[in-house]
Each structure stands twice: as structure tokens, then as C-alpha cells.
>>> print(open('structure_12.pdb').read())   # PDB, C-alpha atoms
ATOM      1  CA  MET A   1       9.921   7.308  10.555  1.00  0.00           C
ATOM      2  CA  GLU A   2       8.008   5.710  13.391  1.00  0.00           C
ATOM      3  CA  HIS A   3       5.658   8.723  13.509  1.00  0.00           C
ATOM      4  CA  ILE A   4       4.402   7.857  10.004  1.00  0.00           C
ATOM      5  CA  LYS A   5       3.841   4.241  11.057  1.00  0.00           C
ATOM      6  CA  THR A   6       1.950   5.505  14.122  1.00  0.00           C
ATOM      7  CA  PHE A   7      -0.172   7.797  11.931  1.00  0.00           C
ATOM      8  CA  PHE A   8      -1.210   4.908   9.677  1.00  0.00           C
ATOM      9  CA  LYS A   9      -2.377   2.837  12.650  1.00  0.00           C
ATOM     10  CA  LYS A  10      -5.461   5.096  12.454  1.00  0.00           C
ATOM     11  CA  ASP A  11      -6.464   3.370   9.207  1.00  0.00           C
ATOM     12  CA  LYS A  12      -9.273   1.145  10.446  1.00  0.00           C
ATOM     13  CA  PHE A  13      -9.900  -0.539   7.100  1.00  0.00           C
ATOM     14  CA  ALA A  14      -6.272  -1.615   6.769  1.00  0.00           C
ATOM     15  CA  GLN A  15      -6.435  -2.980  10.331  1.00  0.00           C
ATOM     16  CA  PHE A  16      -9.651  -4.826   9.503  1.00  0.00           C
ATOM     17  CA  CYS A  17      -7.949  -6.391   6.464  1.00  0.00           C
ATOM     18  CA  GLY A  18      -4.937  -7.472   8.529  1.00  0.00           C
ATOM     19  CA  ILE A  19      -2.437  -5.232   6.767  1.00  0.00           C
ATOM     20  CA  GLU A  20       0.759  -4.382   8.630  1.00  0.00           C
ATOM     21  CA  LEU A  21       3.006  -1.460   7.697  1.00  0.00           C
ATOM     22  CA  LEU A  22       6.541  -2.789   8.205  1.00  0.00           C
ATOM     23  CA  GLU A  23       8.816   0.049   7.108  1.00  0.00           C
ATOM     24  CA  VAL A  24       8.593   3.607   5.811  1.00  0.00           C
ATOM     25  CA  ALA A  25      11.252   5.929   4.419  1.00  0.00           C
ATOM     26  CA  PRO A  26      10.915   9.079   2.304  1.00  0.00           C
ATOM     27  CA  GLY A  27       9.175   7.991  -0.917  1.00  0.00           C
ATOM     28  CA  TRP A  28       9.155   4.324   0.029  1.00  0.00           C
ATOM     29  CA  ALA A  29       7.119   1.890   2.134  1.00  0.00           C
ATOM     30  CA  ARG A  30       6.801  -1.849   2.703  1.00  0.00           C
ATOM     31  CA  GLY A  31       4.031  -3.910   4.278  1.00  0.00           C
ATOM     32  CA  ARG A  32       2.419  -7.310   4.428  1.00  0.00           C
ATOM     33  CA  MET A  33      -0.888  -9.122   4.711  1.00  0.00           C
ATOM     34  CA  GLU A  34      -1.183 -12.697   5.893  1.00  0.00           C
ATOM     35  CA  ILE A  35      -3.767 -14.443   3.731  1.00  0.00           C
ATOM     36  CA  LYS A  36      -6.813 -15.529   5.728  1.00  0.00           C
ATOM     37  CA  GLY A  37     -10.082 -17.145   4.693  1.00  0.00           C
ATOM     38  CA  HIS A  38     -11.884 -13.804   4.426  1.00  0.00           C
ATOM     39  CA  HIS A  39      -9.385 -12.658   1.757  1.00  0.00           C
ATOM     40  CA  LEU A  40     -10.385 -15.440  -0.641  1.00  0.00           C
ATOM     41  CA  ASN A  41     -12.795 -15.257  -3.540  1.00  0.00           C
ATOM     42  CA  GLY A  42     -15.133 -18.054  -4.657  1.00  0.00           C
ATOM     43  CA  MET A  43     -12.325 -19.779  -6.557  1.00  0.00           C
ATOM     44  CA  GLY A  44     -10.101 -19.992  -3.474  1.00  0.00           C
ATOM     45  CA  SER A  45      -7.579 -17.353  -4.494  1.00  0.00           C
ATOM     46  CA  VAL A  46      -7.025 -13.947  -2.945  1.00  0.00           C
ATOM     47  CA  HIS A  47      -9.721 -11.522  -4.019  1.00  0.00           C
ATOM     48  CA  GLY A  48      -8.467  -8.760  -6.311  1.00  0.00           C
ATOM     49  CA  GLY A  49      -9.948  -6.189  -3.943  1.00  0.00           C
ATOM     50  CA  ALA A  50      -7.812  -7.513  -1.077  1.00  0.00           C
ATOM     51  CA  ILE A  51      -4.662  -7.254  -3.210  1.00  0.00           C
ATOM     52  CA  PHE A  52      -5.650  -3.757  -4.342  1.00  0.00           C
ATOM     53  CA  THR A  53      -6.277  -2.713  -0.733  1.00  0.00           C
ATOM     54  CA  LEU A  54      -2.839  -3.909   0.362  1.00  0.00           C
ATOM     55  CA  ALA A  55      -1.142  -2.065  -2.517  1.00  0.00           C
ATOM     56  CA  ASP A  56      -3.231   1.088  -2.024  1.00  0.00           C
ATOM     57  CA  PHE A  57      -2.403   1.263   1.686  1.00  0.00           C
ATOM     58  CA  ILE A  58       1.344   0.892   1.073  1.00  0.00           C
ATOM     59  CA  PHE A  59       1.092   3.490  -1.728  1.00  0.00           C
ATOM     60  CA  ALA A  60      -0.576   5.866   0.751  1.00  0.00           C
ATOM     61  CA  ALA A  61       2.196   5.345   3.295  1.00  0.00           C
ATOM     62  CA  ALA A  62       4.912   6.087   0.729  1.00  0.00           C
ATOM     63  CA  ALA A  63       3.056   9.101  -0.685  1.00  0.00           C
ATOM     64  CA  ASN A  64       2.523  10.605   2.767  1.00  0.00           C
ATOM     65  CA  SER A  65       6.053   9.824   3.973  1.00  0.00           C
ATOM     66  CA  HIS A  66       7.113  13.390   3.132  1.00  0.00           C
ATOM     67  CA  GLU A  67       4.594  14.569   5.770  1.00  0.00           C
ATOM     68  CA  ILE A  68       2.533  16.446   3.172  1.00  0.00           C
ATOM     69  CA  VAL A  69      -1.111  15.343   2.862  1.00  0.00           C
ATOM     70  CA  SER A  70      -1.244  13.244  -0.309  1.00  0.00           C
ATOM     71  CA  VAL A  71      -4.392  11.639  -1.676  1.00  0.00           C
ATOM     72  CA  ALA A  72      -4.857   9.238  -4.569  1.00  0.00           C
ATOM     73  CA  ILE A  73      -6.186  10.709  -7.795  1.00  0.00           C
ATOM     74  CA  ASN A  74      -5.584   7.667  -9.963  1.00  0.00           C
ATOM     75  CA  ALA A  75      -4.650   4.051  -9.392  1.00  0.00           C
ATOM     76  CA  ASN A  76      -4.591   0.883 -11.421  1.00  0.00           C
ATOM     77  CA  VAL A  77      -3.497  -2.657 -10.822  1.00  0.00           C
ATOM     78  CA  THR A  78      -2.395  -5.535 -13.002  1.00  0.00           C
ATOM     79  CA  TYR A  79      -2.757  -9.012 -11.512  1.00  0.00           C
ATOM     80  CA  VAL A  80      -0.081 -11.387 -12.763  1.00  0.00           C
ATOM     81  CA  LYS A  81      -0.478 -14.501 -10.613  1.00  0.00           C
ATOM     82  CA  ALA A  82      -3.163 -16.019  -8.389  1.00  0.00           C
ATOM     83  CA  VAL A  83      -2.333 -17.111  -4.844  1.00  0.00           C
ATOM     84  CA  GLY A  84      -4.462 -18.607  -2.078  1.00  0.00           C
ATOM     85  CA  THR A  85      -2.176 -19.163   0.905  1.00  0.00           C
ATOM     86  CA  GLY A  86       0.788 -17.585   2.657  1.00  0.00           C
ATOM     87  CA  THR A  87       1.673 -13.938   3.078  1.00  0.00           C
ATOM     88  CA  LEU A  88       1.608 -11.118   0.558  1.00  0.00           C
ATOM     89  CA  TYR A  89       4.154  -8.318   0.653  1.00  0.00           C
ATOM     90  CA  ALA A  90       3.857  -4.903  -0.968  1.00  0.00           C
ATOM     91  CA  GLU A  91       6.674  -2.471  -1.615  1.00  0.00           C
ATOM     92  CA  ALA A  92       6.029   1.058  -2.887  1.00  0.00           C
ATOM     93  CA  GLN A  93       8.693   3.087  -4.646  1.00  0.00           C
ATOM     94  CA  GLU A  94       8.358   6.732  -5.588  1.00  0.00           C
ATOM     95  CA  ASN A  95       8.891   7.335  -9.302  1.00  0.00           C
ATOM     96  CA  SER A  96       8.568  11.115  -9.309  1.00  0.00           C
ATOM     97  CA  VAL A  97       7.491  13.937  -7.024  1.00  0.00           C
ATOM     98  CA  ASN A  98       6.835  17.632  -7.528  1.00  0.00           C
ATOM     99  CA  PRO A  99       4.916  20.184  -5.447  1.00  0.00           C
ATOM    100  CA  LYS A 100       1.494  18.963  -6.671  1.00  0.00           C
ATOM    101  CA  ILE A 101       1.777  15.395  -7.993  1.00  0.00           C
ATOM    102  CA  SER A 102       3.713  12.271  -7.080  1.00  0.00           C
ATOM    103  CA  SER A 103       3.848   8.878  -8.791  1.00  0.00           C
ATOM    104  CA  TYR A 104       4.467   5.423  -7.282  1.00  0.00           C
ATOM    105  CA  THR A 105       4.859   1.814  -8.330  1.00  0.00           C
ATOM    106  CA  VAL A 106       3.875  -0.875  -5.848  1.00  0.00           C
ATOM    107  CA  ARG A 107       5.025  -4.441  -6.384  1.00  0.00           C
ATOM    108  CA  VAL A 108       2.990  -7.109  -4.611  1.00  0.00           C
ATOM    109  CA  THR A 109       4.786 -10.422  -4.113  1.00  0.00           C
ATOM    110  CA  ASP A 110       4.347 -13.654  -2.201  1.00  0.00           C
ATOM    111  CA  GLU A 111       6.760 -14.856   0.490  1.00  0.00           C
ATOM    112  CA  ASN A 112       9.021 -16.305  -2.247  1.00  0.00           C
ATOM    113  CA  GLN A 113       9.198 -12.882  -3.940  1.00  0.00           C
ATOM    114  CA  GLU A 114       7.137 -14.190  -6.865  1.00  0.00           C
ATOM    115  CA  PRO A 115       5.205 -11.300  -8.456  1.00  0.00           C
ATOM    116  CA  ILE A 116       1.463 -11.275  -7.753  1.00  0.00           C
ATOM    117  CA  ALA A 117       0.475  -7.772  -8.909  1.00  0.00           C
ATOM    118  CA  VAL A 118       1.817  -4.409 -10.038  1.00  0.00           C
ATOM    119  CA  PHE A 119       0.016  -1.271  -8.865  1.00  0.00           C
ATOM    120  CA  GLN A 120       0.551   2.241 -10.240  1.00  0.00           C
ATOM    121  CA  GLY A 121      -0.630   5.172  -8.149  1.00  0.00           C
ATOM    122  CA  LEU A 122      -0.769   8.906  -8.715  1.00  0.00           C
ATOM    123  CA  ALA A 123      -1.192  11.190  -5.694  1.00  0.00           C
ATOM    124  CA  TYR A 124      -2.235  14.822  -5.392  1.00  0.00           C
ATOM    125  CA  ARG A 125      -0.090  16.635  -2.818  1.00  0.00           C
ATOM    126  CA  LYS A 126      -2.127  19.157  -0.869  1.00  0.00           C
ATOM    127  CA  LYS A 127      -0.629  22.200   0.814  1.00  0.00           C
ATOM    128  CA  ASP A 128      -1.395  20.822   4.289  1.00  0.00           C
ATOM    129  CA  LYS A 129       1.098  19.144   6.572  1.00  0.00           C
ATOM    130  CA  LEU A 130       0.175  15.644   7.722  1.00  0.00           C
ATOM    131  CA  ASP A 131      -1.441  15.751  11.184  1.00  0.00           C
ATOM    132  CA  LEU A 132       0.903  13.529  13.178  1.00  0.00           C
ATOM    133  CA  SER A 133      -0.722  14.241  16.531  1.00  0.00           C
ATOM    134  CA  GLU A 134      -2.020  11.161  18.289  1.00  0.00           C
TER     135      GLU A 134
END
>>> encode(input="structure_12.pdb", output="C-alpha cells")
Amino acid sequence: MEHIKTFFKKDKFAQFCGIELLEVAPGWARGRMEIKGHHLNGMGSVHGGAIFTLADFIFAAAANSHEIVSVAINANVTYVKAVGTGTLYAEAQENSVNPKISSYTVRVTDENQEPIAVFQGLAYRKKDKLDLSE
């Protein structure tokens, strides 16, 4: 599914945040973000917005992996552990899919696979095919 990975290279905000899409398969995606100084909040741990952005991007990759335009209509995150160094990984798994709605769970972990956050995302599936032209 290299064409999906190529498509998501267009996401300038994810690039700016240092997020890398590692793998994509139908209904599934995995990525990472190396923690840098600009990801930290005033307490020295990764800002919740940075964690949310990582999870949201990997959710988007999984939701669009079927090559149907899918956009978020609801998302929430639960933060379970603070972290300030290392690399964060996010893995999205499709829970359900039908012609209009799909649901995903994204687990965010550190490099030791310790849970950092759990993200739930709901996507609206449009009738359009994903534009995979470069």
C-alpha cells in the first residue's frame, strides 16, 4: 500500500510535527514520532496536542486505506501516562466499517510498548475515491 503512504506525504502538518507513517494495510496503520523539544509542554512532558496529532494522523491513514475519502466526525483521546523523551508509536485498528461510517481505536505507546494514550475515532466515508495522483 505504498500509494497510500505516498498520498499521506502531502500532509504538511504531520511533516511539520515529525510524524512518519511506517505501515498501512486495509483498516490498519502504524506510525511514529520522535519526541523533540517542540513537542514538550511547560512541565517537560509531551503536549497532549502532539499526542492527539500523532493518533489523528494514523487514524486518518487507516480510515483512508480503503481508498474511499474518509473524514473524522468525532474523536476523543484518553491520556494514561506522561512521557518526555524517546519515540512515540501509534497503531490504528479498524473496529467496524460500513458504507457511511467507520470506527477506529488508536493505541499510542512509547518505545517499550508502554501505553501513553488511547484514541477513538469515527470517520464519515464519502462517496469519492481517494485522489492518489501525485
>>> closest_residue(input="structure_12.pdb", among="A:Ile68, A:Met43, A:Met33, A:Ile116", to="A:Ile4", atoms="only C-alpha atoms")
A:Ile68
>>> closest_residue(input="structure_12.pdb", among="A:Thr6, A:Ser133, A:Thr87, A:Asn76", to="A:Arg32", atoms="all atoms listed in the file")
A:Thr87
>>> atom_distance(input="structure_12.pdb", atom1="atom CA of A:Ile58", atom2="atom CA of A:Ala29")
6.0 Å
>>> closest_residue(input="structure_12.pdb", among="A:Ser102, A:Gln93, A:Asn112, A:Thr85", to="A:Arg30", atoms="all atoms listed in the file")
A:Gln93
>>> closest_residue(input="structure_12.pdb", among="A:Thr53, A:Glu91, A:Phe7, A:Lys127", to="A:Pro115", atoms="only C-alpha atoms")
A:Glu91
>>> atom_distance(input="structure_12.pdb", atom1="atom CA of A:Phe13", atom2="atom CA of A:Glu34")
15.0 Å
>>> resolve_selection(input="structure_12.pdb", expression="the PyMOL selection byres ((chain A and resi 74) around 6)", output="ChimeraX atom specification")
/A:72-73,75,121-122
>>> atom_distance(input="structure_12.pdb", atom1="atom CA of A:Phe8", atom2="atom CA of A:Glu114")
26.6 Å
>>> axis_aligned_box(input="structure_12.pdb", around="stretch 62-78 of chain A", padding_each_side="5 Å", output="AutoDock Vina command-line options")
--center_x 0.5 --center_y 5.5 --center_z -3.6 --size_x 23.3 --size_y 32.0 --size_z 28.8
